[in-house]
Amino acid sequence: MEKVLNESIQGTALSTKDNVKNTRLLYIESYGCQMNFSDSEIVASILANEGFNTTDNLEDADLVLVNTCSIREKAELTVRKRLEKFNAVKEKRPHMKVGVLGCMAERLKSQLLEEEKIVDMVVGPDAYKDLPNLVQEIDEGRNAVNVILSKEETYGDVAPVRLNTNGVTAFVTITRGCDNMCTFCVVPFTRGRERSRDPLSIINEVNDLWKKGFKEVTLLGQNVDSYLWYGGGLKKDFVKASDMQKATAVNFSDLLGMVASAQPKMRIRFSTSNPQDMTLDVIHTMAKFENICNYIHLPVQSGSDRILKEMNRLHTREEYFELIDNIKKIIPDCAISQDMIAGFPTETEEDHQDTLSLMEYVKYDYGFMFAYSERPGTMAARKLKDAVPFETKKRRLSEIIELQRKHCQERTEQHLGQVQEVLIEGVSKKSNDHFMGRNSQNTVAVFPKENYKVGDFVMVRMDSCTSATLIGKAMGYSKNN
Ligand code: SAH
Ligand code: F3S
């Protein structure tokens with residue numbers, strides 16, 4: 001039997017409850033960002049109406065879908081390897097069909113059908129509502145492709161089925177696509193132009209999750225602070241909106257307030273924030289609502305002004321510091337995390353030192369750090385040579401990771417001695433006698449189970465820690481419970 005990874009969510013197969021009327025089995029595997037995992041839930045929901053139940057056993061599947069990521073070359077290589085595995089299974093199950101979804105589908109389009117002979121279907125991230133037709137095409141023995149990007153599609157009207165859920169935390173997509181055009185990034189090409197989802201459908205989904213027992217939602221988008229609802233349509237077309245549409249538009253700060261007040265006991269998180277689009281209003285809204293968690297994922301990518309400019313990140317190092325200072329002034333215990341790229345083209349040793357000194361200034365709670373990977377079609381690939389030697393990239397990356405590890409340890413230690421609210425998400429991976437959950441700042445905490453249960457809000461005294469995990473003892477329920 002195919003082994004499903006559980007040390008990491010990458011490649012997790014998703015499965016749902018059966019519908020007795022359904023006769024075929026769908027195996028769906030997801031890679032990359034949270035948005036892909038969320039999209040797979042939409043896909044499973046659409047295909048549930050087309051006669052498919054999900055399975056987490058590849059060998060049983062009639063239809064195999066892989067929701068793919070193009071962000072770095074390695075992500076694409078992982079998927080190519082998986083396709084080889086699917087091919088081996090298909091030899092024993094010739095009627096099994098294979099479809100590629102998501103960013104690789106969008107980037108490579110029908111080229112994928114030629115390069116990967118076993119692929120029957122290629123579907124881009126805005127075309128999932130066309131799946132019923134596409135599946136019919138492959139049933140009739142033809143290859144099927146739909147990689148059309150949309151101006152409107154937000155899947156606001158598809159109720160995602162929750163796959164492999166802990167029943168406590170869920171993701172709710174609020175924007176799709178990205179207009180930022182960071183020069184290294186393939187996302188604007190694979191996910192299209194930015195559009196926002198109707199706030200009412202967002203609130204409905206959040207209310208529905210609360211009714212089903214969920215206690216925390218994360219509002220998802222490539223750049224959530226850029227959220228803008230004015231009746232539908234692309235963000236870039238807002239300039240053409242009517243006066244009425246402009247006057248009644250809902251921005252991210254408004255939306256956060258609406259969601260937080262719709263469900264005052266539900267924890268609200270959001271990701272990702274782009275520094276250039278984050279406003280003081282958003283920070284004030286976070287401060288105003290107790291149920292909005294004190295944590296901001298605020299990728300910076302580099303600490304060097306020159307590199308930020310080459311990356312088309314539309315802010316300077318100084319402006320970033322100002323934003324950090326404001327966050328810490330308004331929400332003193334706010335946790336902040338970063339994404340960082342080592343070895344962007346033309347990066348010098350001095351630029352790299354700027355990155356390290358920026359990190360020293362912020363002392364991030366967590367970080368996600370990558371070596372630059374050239375992506376075909378991006379501005380950086382077209383204009384700049386990927387000339388920082390591999391060894392240099394690797395060394396700089398490991399210096400960044402080492403410094404982050406140190407800061408992470410320091411930040412985790414800051415919670416020691418405090419009694420903090422933790423939402424229990426499940427049993428600790430390391431011990432069956434302990435629960436794991438997170439505090440508002442998103443730091444993982446583990447503590448003895450006693451009589452608490454998954455989904456409870458408990459007050460936990462933080463007694464000791466490793467570099468990224470707090471170890472404590474529950475002192476009772478929080479007032480939120
Ligand atoms: N705004 C998005 C960013 C998606 S990409 C979000 O929701 O998080 C996630 C991270 O991957 C980026 O912040 C960046 O640090 C990294 N990344 C993107 N393109 C990359 C590339 N070509 N090489 C290396 N890392 C990259
Ligand atoms: Fe990519 Fe920059 Fe958008 S990293 S997703 S182009 S904010």
# chains A, B, ... in the order shown; residues from 1 in each chain; ligands from 1
>>> closest_atom_pairs(of="chain A", to="ligand 2", cutoff="8 Å", atoms="only C-alpha atoms and all ligand atoms", output="JSON lines")
{"residue": "A:Gly177", "atom": "CA", "partner": "ligand 2", "partner_atom_place_in_ligand_line": "5 (S)", "distance": 7.4}
{"residue": "A:Cys178", "atom": "CA", "partner": "ligand 2", "partner_atom_place_in_ligand_line": "3 (Fe)", "distance": 4.8}
{"residue": "A:Asp179", "atom": "CA", "partner": "ligand 2", "partner_atom_place_in_ligand_line": "3 (Fe)", "distance": 6.3}
{"residue": "A:Asn180", "atom": "CA", "partner": "ligand 2", "partner_atom_place_in_ligand_line": "6 (S)", "distance": 4.6}
{"residue": "A:Met181", "atom": "CA", "partner": "ligand 2", "partner_atom_place_in_ligand_line": "6 (S)", "distance": 4.4}
{"residue": "A:Cys182", "atom": "CA", "partner": "ligand 2", "partner_atom_place_in_ligand_line": "6 (S)", "distance": 4.2}
{"residue": "A:Thr183", "atom": "CA", "partner": "ligand 2", "partner_atom_place_in_ligand_line": "6 (S)", "distance": 7.2}
{"residue": "A:Phe184", "atom": "CA", "partner": "ligand 2", "partner_atom_place_in_ligand_line": "4 (S)", "distance": 7.4}
{"residue": "A:Cys185", "atom": "CA", "partner": "ligand 2", "partner_atom_place_in_ligand_line": "1 (Fe)", "distance": 4.6}
{"residue": "A:Val186", "atom": "CA", "partner": "ligand 2", "partner_atom_place_in_ligand_line": "1 (Fe)", "distance": 6.5}
{"residue": "A:Val187", "atom": "CA", "partner": "ligand 2", "partner_atom_place_in_ligand_line": "5 (S)", "distance": 4.9}
{"residue": "A:Pro188", "atom": "CA", "partner": "ligand 2", "partner_atom_place_in_ligand_line": "6 (S)", "distance": 5.7}
{"residue": "A:Gln222", "atom": "CA", "partner": "ligand 2", "partner_atom_place_in_ligand_line": "5 (S)", "distance": 5.0}
{"residue": "A:Asn223", "atom": "CA", "partner": "ligand 2", "partner_atom_place_in_ligand_line": "7 (S)", "distance": 5.8}
{"residue": "A:Asn274", "atom": "CA", "partner": "ligand 2", "partner_atom_place_in_ligand_line": "7 (S)", "distance": 6.1}
{"residue": "A:Arg313", "atom": "CA", "partner": "ligand 2", "partner_atom_place_in_ligand_line": "2 (Fe)", "distance": 7.4}
>>> residues_near_ligand(ligand="ligand 1", cutoff="7 Å", atoms="only C-alpha atoms and all ligand atoms", output="mmCIF file with N, CA and C atoms, in the first residue's frame")
data_model
loop_
_atom_site.group_PDB
_atom_site.id
_atom_site.type_symbol
_atom_site.label_atom_id
_atom_site.label_comp_id
_atom_site.auth_asym_id
_atom_site.auth_seq_id
_atom_site.Cartn_x
_atom_site.Cartn_y
_atom_site.Cartn_z
ATOM 1 N N ILE A 71 6.353 27.057 -7.143
ATOM 2 C CA ILE A 71 7.043 28.198 -6.539
ATOM 3 C C ILE A 71 8.564 28.079 -6.648
ATOM 4 N N ARG A 72 9.070 26.843 -6.463
ATOM 5 C CA ARG A 72 10.503 26.605 -6.663
ATOM 6 C C ARG A 72 10.655 25.352 -7.515
ATOM 7 N N PHE A 184 10.776 37.640 -8.622
ATOM 8 C CA PHE A 184 11.196 36.239 -8.517
ATOM 9 C C PHE A 184 10.020 35.270 -8.597
ATOM 10 N N CYS A 185 8.771 35.781 -8.555
ATOM 11 C CA CYS A 185 7.630 34.945 -8.186
ATOM 12 C C CYS A 185 6.756 34.550 -9.374
ATOM 13 N N VAL A 186 6.393 33.278 -9.384
ATOM 14 C CA VAL A 186 5.619 32.730 -10.498
ATOM 15 C C VAL A 186 4.103 32.859 -10.249
ATOM 16 N N VAL A 187 3.725 33.178 -9.006
ATOM 17 C CA VAL A 187 2.301 33.162 -8.630
ATOM 18 C C VAL A 187 1.410 34.065 -9.501
ATOM 19 N N GLY A 221 -5.024 34.318 1.594
ATOM 20 C CA GLY A 221 -4.836 34.963 0.304
ATOM 21 C C GLY A 221 -3.353 35.156 0.083
ATOM 22 N N GLN A 222 -2.939 35.375 -1.169
ATOM 23 C CA GLN A 222 -1.518 35.628 -1.434
ATOM 24 C C GLN A 222 -1.107 36.941 -0.800
ATOM 25 N N ASN A 223 -2.070 37.846 -0.638
ATOM 26 C CA ASN A 223 -1.773 39.190 -0.143
ATOM 27 C C ASN A 223 -3.065 39.734 0.481
ATOM 28 N N SER A 271 -3.378 35.205 6.625
ATOM 29 C CA SER A 271 -2.080 35.009 5.994
ATOM 30 C C SER A 271 -2.274 35.032 4.472
ATOM 31 N N THR A 272 -1.418 35.750 3.754
ATOM 32 C CA THR A 272 -0.157 36.379 4.102
ATOM 33 C C THR A 272 -0.274 37.892 3.984
ATOM 34 N N ASN A 274 1.506 41.378 2.943
ATOM 35 C CA ASN A 274 2.623 41.982 2.233
ATOM 36 C C ASN A 274 2.866 43.354 2.853
ATOM 37 N N PRO A 299 6.288 38.580 5.311
ATOM 38 C CA PRO A 299 7.505 38.278 4.554
ATOM 39 C C PRO A 299 8.237 39.540 4.099
ATOM 40 N N GLN A 301 11.704 39.044 2.500
ATOM 41 C CA GLN A 301 12.531 38.461 1.414
ATOM 42 C C GLN A 301 13.991 38.873 1.454
ATOM 43 N N ASP A 339 9.330 35.426 5.479
ATOM 44 C CA ASP A 339 9.865 34.573 4.415
ATOM 45 C C ASP A 339 11.122 35.288 3.932
ATOM 46 N N MET A 340 12.166 34.523 3.648
ATOM 47 C CA MET A 340 13.424 35.151 3.219
ATOM 48 C C MET A 340 14.003 34.347 2.052
ATOM 49 N N ILE A 341 14.573 35.064 1.112
ATOM 50 C CA ILE A 341 15.223 34.399 -0.024
ATOM 51 C C ILE A 341 16.716 34.701 0.012
ATOM 52 N N MET A 369 12.561 30.013 5.107
ATOM 53 C CA MET A 369 13.718 30.534 4.388
ATOM 54 C C MET A 369 14.086 29.645 3.208
ATOM 55 N N PHE A 370 14.401 30.286 2.094
ATOM 56 C CA PHE A 370 14.602 29.547 0.845
ATOM 57 C C PHE A 370 15.834 30.053 0.106
ATOM 58 N N ALA A 371 16.471 29.133 -0.665
ATOM 59 C CA ALA A 371 17.499 29.566 -1.612
ATOM 60 C C ALA A 371 16.769 29.996 -2.887
ATOM 61 N N TYR A 372 17.230 31.037 -3.504
ATOM 62 C CA TYR A 372 16.591 31.528 -4.735
ATOM 63 C C TYR A 372 16.549 30.420 -5.787
ATOM 64 N N SER A 373 15.390 30.292 -6.414
ATOM 65 C CA SER A 373 15.211 29.306 -7.477
ATOM 66 C C SER A 373 14.625 30.039 -8.681
ATOM 67 N N GLU A 374 15.364 30.034 -9.771
ATOM 68 C CA GLU A 374 14.903 30.804 -10.934
ATOM 69 C C GLU A 374 13.661 30.165 -11.548
ATOM 70 N N ARG A 375 12.612 30.964 -11.771
ATOM 71 C CA ARG A 375 11.372 30.451 -12.350
ATOM 72 C C ARG A 375 11.185 31.020 -13.756
#
>>> atom_distance(atom1="CA of Asp333 in chain A", atom2="CA of Gln409 in chain A")
15.8 Å
>>> closest_residue(among="A:Gln111, A:Gln10, A:Thr173, A:Asn480", to="Gln263 in chain A", atoms="only C-alpha atoms")
A:Asn480
>>> residues_around(residues="range 92-109 of chain A", least_positions_apart="4", cutoff="7 Å", atoms="only C-alpha atoms", output="ChimeraX atom specification")
/A:61-70,118-125,147,190-191
>>> write_last_selection(atoms="N, CA and C atoms", output="short mmCIF file (atom, residue, chain, number, x, y, z; two decimals), in the first residue's frame")
data_model
loop_
_atom_site.label_atom_id
_atom_site.label_comp_id
_atom_site.auth_asym_id
_atom_site.auth_seq_id
_atom_site.Cartn_x
_atom_site.Cartn_y
_atom_site.Cartn_z
N ALA A 61 -7.90 3.95 -6.61
CA ALA A 61 -8.50 5.12 -7.26
C ALA A 61 -8.91 4.88 -8.71
N ASP A 62 -10.02 5.53 -9.10
CA ASP A 62 -10.40 5.58 -10.51
C ASP A 62 -9.86 6.86 -11.14
N LEU A 63 -9.80 7.90 -10.31
CA LEU A 63 -9.27 9.18 -10.78
C LEU A 63 -8.24 9.67 -9.76
N VAL A 64 -7.03 9.99 -10.27
CA VAL A 64 -5.96 10.50 -9.40
C VAL A 64 -5.69 11.95 -9.77
N LEU A 65 -5.81 12.83 -8.78
CA LEU A 65 -5.52 14.24 -9.05
C LEU A 65 -4.37 14.69 -8.16
N VAL A 66 -3.48 15.50 -8.75
CA VAL A 66 -2.39 16.04 -7.95
C VAL A 66 -2.43 17.56 -8.11
N ASN A 67 -2.61 18.23 -6.96
CA ASN A 67 -2.69 19.69 -6.95
C ASN A 67 -1.29 20.23 -6.70
N THR A 68 -0.75 20.93 -7.69
CA THR A 68 0.70 21.14 -7.77
C THR A 68 1.15 22.56 -7.44
N CYS A 69 2.45 22.66 -7.19
CA CYS A 69 3.08 23.93 -6.82
C CYS A 69 4.25 24.19 -7.77
N SER A 70 4.43 25.45 -8.15
CA SER A 70 5.52 25.82 -9.06
C SER A 70 6.50 26.79 -8.43
N ILE A 118 1.47 10.01 -19.11
CA ILE A 118 0.34 9.40 -18.39
C ILE A 118 -0.75 10.41 -18.01
N VAL A 119 -0.46 11.69 -18.17
CA VAL A 119 -1.43 12.68 -17.74
C VAL A 119 -2.58 12.77 -18.74
N ASP A 120 -3.82 12.69 -18.22
CA ASP A 120 -5.00 12.74 -19.08
C ASP A 120 -5.67 14.10 -19.05
N MET A 121 -5.43 14.85 -17.97
CA MET A 121 -6.20 16.08 -17.77
C MET A 121 -5.33 17.13 -17.09
N VAL A 122 -5.46 18.39 -17.55
CA VAL A 122 -4.67 19.50 -17.01
C VAL A 122 -5.65 20.63 -16.68
N VAL A 123 -5.71 21.02 -15.39
CA VAL A 123 -6.71 22.00 -14.97
C VAL A 123 -6.07 23.09 -14.12
N GLY A 124 -6.17 24.33 -14.60
CA GLY A 124 -5.61 25.46 -13.86
C GLY A 124 -6.49 25.88 -12.69
N PRO A 125 -5.95 26.73 -11.79
CA PRO A 125 -6.63 27.04 -10.53
C PRO A 125 -7.96 27.80 -10.65
N VAL A 147 -7.10 25.80 -18.80
CA VAL A 147 -6.17 26.60 -18.00
C VAL A 147 -6.52 28.08 -18.13
N THR A 190 0.65 32.03 -12.49
CA THR A 190 -0.09 30.77 -12.35
C THR A 190 -1.46 30.95 -11.72
N ARG A 191 -1.63 32.01 -10.94
CA ARG A 191 -2.91 32.19 -10.26
C ARG A 191 -3.65 33.44 -10.72
#
>>> closest_residue(among="A:Ser273, A:Thr154, A:Thr348, A:Gln441", to="Lys393 in chain A", atoms="only C-alpha atoms")
A:Thr348
>>> residues_around(residues="Asn251 in chain A", least_positions_apart="6", cutoff="9 Å", atoms="only C-alpha atoms", output="tab-separated table (two decimals) with N, CA and C atoms, in the first residue's frame")
chain	number	residue	atom	x	y	z
A	225	ASP	N	-3.92	41.74	2.80
A	225	ASP	CA	-4.13	43.17	3.13
A	225	ASP	C	-4.60	43.97	1.92
A	226	SER	N	-4.47	43.37	0.76
A	226	SER	CA	-4.90	44.03	-0.46
A	226	SER	C	-6.39	43.76	-0.75
A	227	TYR	N	-7.04	42.98	0.13
A	227	TYR	CA	-8.47	42.63	-0.06
A	227	TYR	C	-9.30	43.88	-0.34
A	228	LEU	N	-10.15	43.79	-1.34
A	228	LEU	CA	-11.04	44.92	-1.64
A	228	LEU	C	-12.26	44.40	-2.39
A	229	TRP	N	-13.41	44.49	-1.72
A	229	TRP	CA	-14.66	44.05	-2.35
A	229	TRP	C	-15.45	45.28	-2.76
A	230	TYR	N	-15.79	45.36	-4.03
A	230	TYR	CA	-16.63	46.48	-4.47
A	230	TYR	C	-17.73	45.97	-5.37
>>> select_by_dssp(residues="range 78-288 of chain A", states="helix (DSSP H, G or I)", output="PyMOL selection string")
chain A and resi 78-92+103-108+111-115+128-139+187-190+199-211+224-226+235-240+243-247+252-262+275-277+280-288
>>> residues_around(residues="Val282 in chain A", least_positions_apart="3", cutoff="6 Å", atoms="only C-alpha atoms", output="ChimeraX atom specification")
/A:253,279,285
>>> residues_around(residues="Glu50 in chain A", least_positions_apart="6", cutoff="10 Å", atoms="only C-alpha atoms", output="count of residues only")
9
>>> residues_around(residues="Ile331 in chain A", least_positions_apart="4", cutoff="9 Å", atoms="only C-alpha atoms", output="JSON list (two decimals) with C-alpha atoms, in the first residue's frame")
[["chain", "number", "residue", "atom", "x", "y", "z"],
["A", 283, "ILE", "CA", -3.18, 46.75, 13.16],
["A", 284, "HIS", "CA", -5.72, 48.84, 15.08],
["A", 286, "MET", "CA", -6.30, 43.54, 15.47],
["A", 287, "ALA", "CA", -5.80, 45.45, 18.71],
["A", 294, "ASN", "CA", -1.61, 38.54, 17.76],
["A", 326, "ASN", "CA", 4.08, 50.46, 14.74],
["A", 327, "ILE", "CA", 3.00, 46.85, 15.19]]
>>> closest_residue(among="A:Asn432, A:Asn19, A:Gln338, A:Asn312", to="Val300 in chain A", atoms="only C-alpha atoms")
A:Gln338
>>> closest_residue(among="A:Ser398, A:Thr443, A:Ser196, A:Asn49", to="Ala335 in chain A", atoms="only C-alpha atoms")
A:Thr443
>>> closest_residue(among="A:Phe238, A:Glu216, A:Phe189, A:Ile138", to="Gly377 in chain A", atoms="only C-alpha atoms")
A:Phe189
>>> closest_residue(among="A:Val161, A:Tyr477, A:Lys211, A:Gly231", to="Arg195 in chain A", atoms="only C-alpha atoms")
A:Gly231
>>> select_by_dssp(residues="range 284-366 of chain A", states="strand (DSSP E or B)", output="PyMOL selection string")
chain A and resi 292+295-297+301+335-342+366
>>> write_last_selection(atoms="C-alpha atoms", output="PDB file, in the first residue's frame")
ATOM      1  CA  ILE A 292      -8.024  38.329  16.373  1.00  0.00           C
ATOM      2  CA  TYR A 295       0.433  37.145  14.959  1.00  0.00           C
ATOM      3  CA  ILE A 296       1.404  38.538  11.554  1.00  0.00           C
ATOM      4  CA  HIS A 297       3.198  36.655   8.812  1.00  0.00           C
ATOM      5  CA  GLN A 301      12.531  38.461   1.414  1.00  0.00           C
ATOM      6  CA  ALA A 335       4.468  37.736  17.000  1.00  0.00           C
ATOM      7  CA  ILE A 336       5.941  38.343  13.564  1.00  0.00           C
ATOM      8  CA  SER A 337       7.301  35.845  11.056  1.00  0.00           C
ATOM      9  CA  GLN A 338       9.180  36.157   7.785  1.00  0.00           C
ATOM     10  CA  ASP A 339       9.865  34.573   4.415  1.00  0.00           C
ATOM     11  CA  MET A 340      13.424  35.151   3.219  1.00  0.00           C
ATOM     12  CA  ILE A 341      15.223  34.399  -0.024  1.00  0.00           C
ATOM     13  CA  ALA A 342      18.996  33.818  -0.019  1.00  0.00           C
ATOM     14  CA  TYR A 366       9.415  32.168  13.102  1.00  0.00           C
TER      15      TYR A 366
END
